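Source file: target-v3.cif; contents: mmCIF, C-alpha atoms.
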```cif
data_final
#
loop_
_atom_site.group_PDB
_atom_site.id
_atom_site.type_symbol
_atom_site.label_atom_id
_atom_site.label_comp_id
_atom_site.auth_asym_id
_atom_site.auth_seq_id
_atom_site.Cartn_x
_atom_site.Cartn_y
_atom_site.Cartn_z
ATOM 1 C CA MET A 1 43.182 43.226 156.091
ATOM 2 C CA ARG A 2 40.872 41.903 153.378
ATOM 3 C CA LEU A 3 37.406 40.925 154.588
ATOM 4 C CA LEU A 4 34.770 39.026 152.613
ATOM 5 C CA LEU A 5 31.239 40.188 153.387
ATOM 6 C CA VAL A 6 28.624 37.659 152.247
ATOM 7 C CA GLU A 7 25.288 39.493 152.338
ATOM 8 C CA ASP A 8 22.447 39.512 149.799
ATOM 9 C CA ASP A 9 20.911 42.799 151.036
ATOM 10 C CA ASN A 10 22.757 45.570 149.206
ATOM 11 C CA HIS A 11 21.630 48.291 151.618
ATOM 12 C CA VAL A 12 22.861 46.353 154.662
ATOM 13 C CA ALA A 13 26.107 45.507 152.888
ATOM 14 C CA ALA A 14 26.753 49.112 151.848
ATOM 15 C CA ALA A 15 26.244 50.460 155.364
ATOM 16 C CA LEU A 16 28.352 47.753 156.985
ATOM 17 C CA SER A 17 31.103 48.035 154.374
ATOM 18 C CA ALA A 18 31.428 51.751 155.136
ATOM 19 C CA VAL A 19 31.821 51.041 158.860
ATOM 20 C CA LEU A 20 34.343 48.272 158.268
ATOM 21 C CA ALA A 21 36.340 50.459 155.891
ATOM 22 C CA ARG A 22 36.635 53.136 158.589
ATOM 23 C CA HIS A 23 38.179 50.457 160.817
ATOM 24 C CA GLY A 24 40.821 49.623 158.244
ATOM 25 C CA PHE A 25 39.278 46.648 156.462
ATOM 26 C CA ASP A 26 39.413 46.165 152.694
ATOM 27 C CA VAL A 27 35.889 44.825 152.116
ATOM 28 C CA VAL A 28 34.845 42.616 149.208
ATOM 29 C CA HIS A 29 31.090 42.108 148.909
ATOM 30 C CA ALA A 30 29.605 38.794 147.732
ATOM 31 C CA ARG A 31 25.830 38.617 147.217
ATOM 32 C CA SER A 32 25.429 34.824 147.103
ATOM 33 C CA GLY A 33 27.036 31.657 148.327
ATOM 34 C CA GLU A 34 28.507 30.832 144.941
ATOM 35 C CA GLU A 35 29.934 34.321 144.552
ATOM 36 C CA ALA A 36 31.551 33.974 147.979
ATOM 37 C CA LEU A 37 33.091 30.606 147.156
ATOM 38 C CA GLN A 38 34.480 31.984 143.902
ATOM 39 C CA ALA A 39 35.988 34.945 145.725
ATOM 40 C CA LEU A 40 37.774 32.570 148.110
ATOM 41 C CA LEU A 41 39.510 30.645 145.344
ATOM 42 C CA PRO A 42 43.300 31.132 145.326
ATOM 43 C CA GLY A 43 44.315 34.023 143.121
ATOM 44 C CA GLU A 44 46.676 36.934 142.758
ATOM 45 C CA ALA A 45 45.023 39.032 145.473
ATOM 46 C CA ALA A 46 45.953 38.664 149.137
ATOM 47 C CA PRO A 47 43.899 36.038 150.999
ATOM 48 C CA PHE A 48 40.965 37.089 153.129
ATOM 49 C CA GLY A 49 41.594 37.477 156.835
ATOM 50 C CA VAL A 50 37.981 36.809 157.819
ATOM 51 C CA VAL A 51 34.573 36.045 156.295
ATOM 52 C CA LEU A 52 31.322 37.585 157.551
ATOM 53 C CA LEU A 53 28.674 35.111 156.427
ATOM 54 C CA ASP A 54 24.938 35.774 156.369
ATOM 55 C CA LEU A 55 22.893 32.562 156.512
ATOM 56 C CA GLY A 56 19.874 33.684 154.471
ATOM 57 C CA LEU A 57 21.431 33.648 151.002
ATOM 58 C CA PRO A 58 19.440 33.429 147.738
ATOM 59 C CA ASP A 59 21.161 30.411 146.189
ATOM 60 C CA GLN A 60 22.133 28.181 149.133
ATOM 61 C CA ASP A 61 21.961 28.140 152.906
ATOM 62 C CA GLY A 62 24.810 29.827 154.724
ATOM 63 C CA TYR A 63 25.447 26.662 156.737
ATOM 64 C CA GLU A 64 26.231 24.856 153.495
ATOM 65 C CA VAL A 65 28.545 27.663 152.412
ATOM 66 C CA CYS A 66 30.370 27.550 155.755
ATOM 67 C CA GLY A 67 30.940 23.816 155.402
ATOM 68 C CA LYS A 68 32.438 24.314 151.936
ATOM 69 C CA ILE A 69 34.674 27.138 153.154
ATOM 70 C CA ARG A 70 35.950 25.030 156.019
ATOM 71 C CA LYS A 71 36.788 22.123 153.708
ATOM 72 C CA ARG A 72 38.928 24.465 151.624
ATOM 73 C CA GLY A 73 40.940 26.045 154.417
ATOM 74 C CA SER A 74 41.066 27.711 157.813
ATOM 75 C CA THR A 75 39.927 31.253 156.996
ATOM 76 C CA PRO A 76 38.026 32.507 160.076
ATOM 77 C CA VAL A 77 34.258 32.599 159.534
ATOM 78 C CA ILE A 78 31.794 34.661 161.567
ATOM 79 C CA MET A 79 28.143 33.828 160.947
ATOM 80 C CA VAL A 80 25.890 36.888 161.030
ATOM 81 C CA THR A 81 22.220 35.973 161.166
ATOM 82 C CA ALA A 82 18.809 36.553 162.726
ATOM 83 C CA ARG A 83 18.671 32.897 163.851
ATOM 84 C CA ALA A 84 19.091 33.417 167.581
ATOM 85 C CA ASP A 85 18.292 29.997 169.101
ATOM 86 C CA VAL A 86 21.072 28.038 170.777
ATOM 87 C CA ARG A 87 20.612 25.021 168.506
ATOM 88 C CA SER A 88 21.339 27.151 165.435
ATOM 89 C CA ARG A 89 24.422 28.605 167.118
ATOM 90 C CA ILE A 90 25.757 25.174 168.026
ATOM 91 C CA HIS A 91 25.080 23.879 164.499
ATOM 92 C CA GLY A 92 27.040 26.792 163.041
ATOM 93 C CA LEU A 93 29.995 26.175 165.331
ATOM 94 C CA ASN A 94 29.893 22.454 164.574
ATOM 95 C CA LEU A 95 30.258 23.297 160.892
ATOM 96 C CA GLY A 96 33.433 25.219 161.646
ATOM 97 C CA ALA A 97 32.316 28.805 162.227
ATOM 98 C CA ASP A 98 34.622 30.690 164.578
ATOM 99 C CA ASP A 99 31.864 32.879 165.974
ATOM 100 C CA TYR A 100 28.151 33.582 165.644
ATOM 101 C CA VAL A 101 26.604 37.065 165.797
ATOM 102 C CA VAL A 102 22.846 37.581 165.986
ATOM 103 C CA LYS A 103 21.064 40.396 164.158
ATOM 104 C CA PRO A 104 20.361 43.122 165.044
ATOM 105 C CA TYR A 105 23.813 43.758 166.461
ATOM 106 C CA ASP A 106 25.829 46.713 167.615
ATOM 107 C CA THR A 107 28.592 47.510 165.130
ATOM 108 C CA GLY A 108 31.052 47.944 167.982
ATOM 109 C CA GLU A 109 30.224 44.403 169.095
ATOM 110 C CA LEU A 110 30.797 43.077 165.593
ATOM 111 C CA ILE A 111 34.150 44.837 165.258
ATOM 112 C CA ALA A 112 35.221 43.429 168.638
ATOM 113 C CA ARG A 113 34.310 39.913 167.554
ATOM 114 C CA ILE A 114 36.173 40.298 164.252
ATOM 115 C CA HIS A 115 39.332 41.346 166.056
ATOM 116 C CA ALA A 116 38.881 38.493 168.543
ATOM 117 C CA VAL A 117 38.779 35.750 165.893
ATOM 118 C CA ILE A 118 41.721 37.043 163.882
ATOM 119 C CA ARG A 119 44.082 37.228 166.843
ATOM 120 C CA ARG A 120 46.598 34.461 167.310
ATOM 121 C CA PRO A 121 45.585 31.681 169.681
ATOM 122 C CA PRO A 122 46.769 32.003 173.284
ATOM 123 C CA SER A 123 50.393 30.934 173.662
ATOM 124 C CA GLY A 124 49.504 28.428 176.367
ATOM 125 C CA ALA A 125 47.170 26.546 174.044
ATOM 126 C CA ALA A 126 49.168 26.709 170.847
ATOM 127 C CA ALA A 127 52.801 26.527 171.824
ATOM 128 C CA GLY A 128 54.971 23.978 173.516
ATOM 129 C CA PRO A 129 57.614 21.355 172.880
ATOM 130 C CA ALA A 130 57.148 18.959 170.001
ATOM 131 C CA ASP A 131 55.937 16.153 172.274
ATOM 132 C CA SER A 132 53.445 18.264 174.290
ATOM 133 C CA GLU A 133 50.093 16.579 174.688
ATOM 134 C CA LEU A 134 47.399 16.239 177.292
ATOM 135 C CA ARG A 135 45.642 12.945 178.040
ATOM 136 C CA LEU A 136 42.363 12.883 179.914
ATOM 137 C CA GLY A 137 40.893 9.392 179.862
ATOM 138 C CA PRO A 138 39.905 8.728 176.241
ATOM 139 C CA VAL A 139 40.610 12.353 175.259
ATOM 140 C CA ARG A 140 43.970 13.207 173.705
ATOM 141 C CA ILE A 141 44.930 16.834 173.043
ATOM 142 C CA GLU A 142 48.043 17.458 170.944
ATOM 143 C CA LEU A 143 49.109 21.042 171.591
ATOM 144 C CA PRO A 144 51.670 21.638 168.798
ATOM 145 C CA THR A 145 49.411 20.243 166.039
ATOM 146 C CA ARG A 146 46.150 21.400 167.683
ATOM 147 C CA GLN A 147 44.561 17.989 167.155
ATOM 148 C CA VAL A 148 41.985 16.399 169.461
ATOM 149 C CA SER A 149 40.857 12.778 169.463
ATOM 150 C CA VAL A 150 38.481 10.679 171.562
ATOM 151 C CA ASP A 151 39.154 6.932 171.701
ATOM 152 C CA GLY A 152 41.482 7.398 168.727
ATOM 153 C CA SER A 153 38.915 9.179 166.536
ATOM 154 C CA THR A 154 39.797 12.723 165.484
ATOM 155 C CA VAL A 155 37.357 15.452 166.512
ATOM 156 C CA GLN A 156 37.244 18.570 164.348
ATOM 157 C CA LEU A 157 37.241 21.707 166.485
ATOM 158 C CA THR A 158 37.306 25.372 165.585
ATOM 159 C CA ARG A 159 40.281 27.414 166.740
ATOM 160 C CA LYS A 160 38.449 28.900 169.715
ATOM 161 C CA GLU A 161 36.973 25.539 170.712
ATOM 162 C CA PHE A 162 40.463 24.054 170.781
ATOM 163 C CA ASP A 163 41.853 27.001 172.740
ATOM 164 C CA LEU A 164 39.049 26.695 175.300
ATOM 165 C CA LEU A 165 39.457 22.941 175.716
ATOM 166 C CA ALA A 166 43.248 23.159 175.985
ATOM 167 C CA LEU A 167 43.037 25.892 178.605
ATOM 168 C CA LEU A 168 40.678 23.907 180.843
ATOM 169 C CA ALA A 169 42.538 20.633 180.255
ATOM 170 C CA GLN A 170 45.861 21.987 181.466
ATOM 171 C CA ARG A 171 44.442 22.169 185.013
ATOM 172 C CA PRO A 172 41.731 19.500 185.416
ATOM 173 C CA GLY A 173 39.453 20.080 188.368
ATOM 174 C CA VAL A 174 40.433 23.728 188.711
ATOM 175 C CA VAL A 175 37.621 26.246 188.283
ATOM 176 C CA PHE A 176 38.355 28.912 185.681
ATOM 177 C CA ARG A 177 36.425 32.130 186.120
ATOM 178 C CA ARG A 178 34.438 33.271 183.101
ATOM 179 C CA GLU A 179 36.405 36.523 182.993
ATOM 180 C CA GLN A 180 39.689 34.584 182.992
ATOM 181 C CA ILE A 181 38.578 32.307 180.157
ATOM 182 C CA ILE A 182 37.392 35.228 178.053
ATOM 183 C CA SER A 183 40.655 37.066 178.680
ATOM 184 C CA GLU A 184 42.897 34.115 177.773
ATOM 185 C CA VAL A 185 40.918 32.603 174.883
ATOM 186 C CA TRP A 186 39.323 35.673 173.294
ATOM 187 C CA ARG A 187 42.026 38.099 174.454
ATOM 188 C CA THR A 188 39.457 40.672 175.503
ATOM 189 C CA SER A 189 37.651 41.869 178.596
ATOM 190 C CA TRP A 190 34.569 42.743 176.575
ATOM 191 C CA GLU A 191 31.549 41.554 178.552
ATOM 192 C CA GLY A 192 29.465 40.627 175.507
ATOM 193 C CA THR A 193 31.738 37.654 174.831
ATOM 194 C CA GLY A 194 30.097 35.782 177.703
ATOM 195 C CA ARG A 195 27.291 34.444 175.546
ATOM 196 C CA THR A 196 29.821 33.234 172.982
ATOM 197 C CA LEU A 197 31.622 31.351 175.762
ATOM 198 C CA GLU A 198 28.418 29.515 176.705
ATOM 199 C CA VAL A 199 27.815 28.487 173.100
ATOM 200 C CA HIS A 200 31.398 27.240 172.690
ATOM 201 C CA VAL A 201 31.116 25.147 175.850
ATOM 202 C CA ALA A 202 27.860 23.617 174.582
ATOM 203 C CA SER A 203 29.475 22.915 171.218
ATOM 204 C CA LEU A 204 32.466 21.179 172.834
ATOM 205 C CA ARG A 205 30.212 18.957 174.918
ATOM 206 C CA SER A 206 28.304 18.010 171.771
ATOM 207 C CA LYS A 207 31.321 17.370 169.527
ATOM 208 C CA LEU A 208 33.179 15.304 172.111
ATOM 209 C CA HIS A 209 30.003 13.397 173.042
ATOM 210 C CA MET A 210 30.980 13.953 176.661
ATOM 211 C CA PRO A 211 28.472 16.349 178.257
ATOM 212 C CA ALA A 212 29.958 15.835 181.729
ATOM 213 C CA LEU A 213 33.520 16.702 180.652
ATOM 214 C CA ILE A 214 33.087 20.442 181.211
ATOM 215 C CA GLU A 215 31.224 21.292 184.392
ATOM 216 C CA THR A 216 29.448 24.608 184.898
ATOM 217 C CA VAL A 217 30.215 26.125 188.286
ATOM 218 C CA ARG A 218 27.216 28.368 188.831
ATOM 219 C CA GLY A 219 28.075 32.009 189.258
ATOM 220 C CA VAL A 220 31.797 31.421 188.765
ATOM 221 C CA GLY A 221 32.820 29.699 185.542
ATOM 222 C CA TYR A 222 33.812 26.254 184.271
ATOM 223 C CA ARG A 223 36.106 23.374 185.097
ATOM 224 C CA LEU A 224 37.145 20.222 183.304
ATOM 225 C CA VAL A 225 36.259 16.973 185.032
ATOM 226 C CA ALA A 226 38.833 14.376 183.969
ATOM 227 C CA PRO A 227 37.080 11.189 182.806
ATOM 228 C CA ALA A 228 38.189 7.738 183.883
ATOM 229 C CA ALA A 229 40.872 6.181 181.683
#
```

For this file, write the structure as structure tokens.
Amino acid sequence: MRLLLVEDDNHVAAALSAVLARHGFDVVHARSGEEALQALLPGEAAPFGVVLLDLGLPDQDGYEVCGKIRKRGSTPVIMVTARADVRSRIHGLNLGADDYVVKPYDTGELIARIHAVIRRPPSGAAAGPADSELRLGPVRIELPTRQVSVDGSTVQLTRKEFDLLALLAQRPGVVFRREQIISEVWRTSWEGTGRTLEVHVASLRSKLHMPALIETVRGVGYRLVAPAA
């Protein structure tokens, strides 16, 4: 699989590229936001399967680059940055990033996250008859087209945000254990995904403007609280 590494530090890029190559990735290195956007233009080469995007780029902020990438298509984007606060994570996910990894990171963790975002969505969230949809008060979830709207207004979600919402919405009021959610949405039992789950829940609450929609069940997991129609 081709992977676009957007990193302005040549030493970091060289070391990471070597690791990624050993795991079977064909790495293309871009040193700036503009170089990354040019590399993503349609061409003769095979499309990229994932983008690793540093936020501290010399020509433009990585958030801006992510927004431009998302407007062009659905290539998975993983932000890799030293910005560790929750607000920065939520902002990145709101812009369309599929995941957010904080430096310094373990390379095994990064590889696990790459494989998690490039896997197909869970069958329960992505498949179904042509008329499959879930209605929860003002929230409408169309499973075949993976579209979500609130009071008729479309809400743009990342793939994992949609998968998470669809999973919880199929059984309103039922508590899903954290381990179960991670297994079904991220297709892994890797414990480090727990923090990513928390960030995705916070992002969903923010994007839907419904903080009470997803309830945290302390020590167990999450459940969806169906709003009034």

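Among the candidate residues A:Leu37, A:Leu93, A:Ser183, A:Leu53, the one lying nearest to A:Ala13 is A:Leu53, with distances computed using only C-alpha atoms.
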
Report task. Using the chain letters and residue numbers of this document, give as number ranges by chain the residues selected by the PyMOL selection byres ((chain A and resi 150) around 6). Result -> A: 138-139, 149, 151-153

Report task. Determine the residue membership of the PyMOL selection byres ((chain A and resi 199) around 12) for the file above and supply it as a PyMOL selection string. Result -> chain A and resi 84-94+97-101+160-161+164+193-198+200-206

Query raised in the report: Selected by the PyMOL selection byres ((chain A and resi 36) around 12) in the shown coordinates: which residues, as a ChimeraX atom specification?
Result: /A:3-8,28-35,37-41,48,51-54,57,59-60,62,64-66,68-69,77

Query raised in the report: When distances are computed from all atoms listed in the file, which of A:Gly43, A:Pro172, A:Pro144, A:Gly96 shows the smallest separation from A:Gly73?
Result: A:Gly96

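Using only C-alpha atoms for every distance, the candidate list A:Ile78, A:Ala169, A:Ala46, A:Leu208 yields A:Ile78 as the residue closest to A:Ala112.
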
Within 6 Å of (40.2, 16.0, 184.2), only C-alpha atoms: residues as an mmCIF file with C-alpha atoms, keeping the file's coordinate frame?
```
data_model
loop_
_atom_site.group_PDB
_atom_site.id
_atom_site.type_symbol
_atom_site.label_atom_id
_atom_site.label_comp_id
_atom_site.auth_asym_id
_atom_site.auth_seq_id
_atom_site.Cartn_x
_atom_site.Cartn_y
_atom_site.Cartn_z
ATOM 1 C CA LEU A 136 42.363 12.883 179.914
ATOM 2 C CA PRO A 172 41.731 19.500 185.416
ATOM 3 C CA GLY A 173 39.453 20.080 188.368
ATOM 4 C CA LEU A 224 37.145 20.222 183.304
ATOM 5 C CA VAL A 225 36.259 16.973 185.032
ATOM 6 C CA ALA A 226 38.833 14.376 183.969
ATOM 7 C CA PRO A 227 37.080 11.189 182.806
#
```

Report task. Rank A:Leu167, A:Ile111, A:Leu134, A:Gln147 by their smallest atom-to-atom distance to A:Arg22, using all atoms listed in the file, and report the top residue only. Result ->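 Smallest distance to A:Arg22 is found for A:Ile111.
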
Report task. Work out how far apart atom CA of A:Gln180 and atom CA of A:Ala116 are and give it in Å to one decimal. Result -> 15.0 Å

Query raised in the report: Could you state the separation of atom CA of A:Gly56 and atom CA of A:Gly24 in Å, given to one decimal place?
Result: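 Distance between the two atoms: 26.6 Å.
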
Requested in this report: Excluding stretch 106-108 of chain A and residues on its chain fewer than 6 positions from it, collect all residues at most 10 Å away from it, counting only C-alpha atoms, and give them as a list in words.
Outcome: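 The residues satisfying every condition are Leu16, Val19, Leu20 and Ile114 of chain A.
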
Requested in this report: Take atom CA of A:Gly219 and atom CA of A:Ile181 and report the distance between them in Å, one decimal.
Outcome: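 Going from atom CA of A:Gly219 over to atom CA of A:Ile181, I get 13.9 Å.
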
Taking every listed atom of stretch 38-54 of chain A and adding 6 Å to each side, what centre and edge lengths in Å (one decimal) does the axis-aligned box have, as lines of an AutoDock Vina configuration file?
```
center_x = 35.8
center_y = 34.8
center_z = 150.3
size_x = 33.7
size_y = 20.4
size_z = 27.1
```

Query raised in the report: Looking at only C-alpha atoms, which of A:Thr216, A:Thr81, A:Thr154, A:Ser74 is the one that sits closest to A:Leu55?
Result: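 Closest to A:Leu55, using only C-alpha atoms: A:Thr81.
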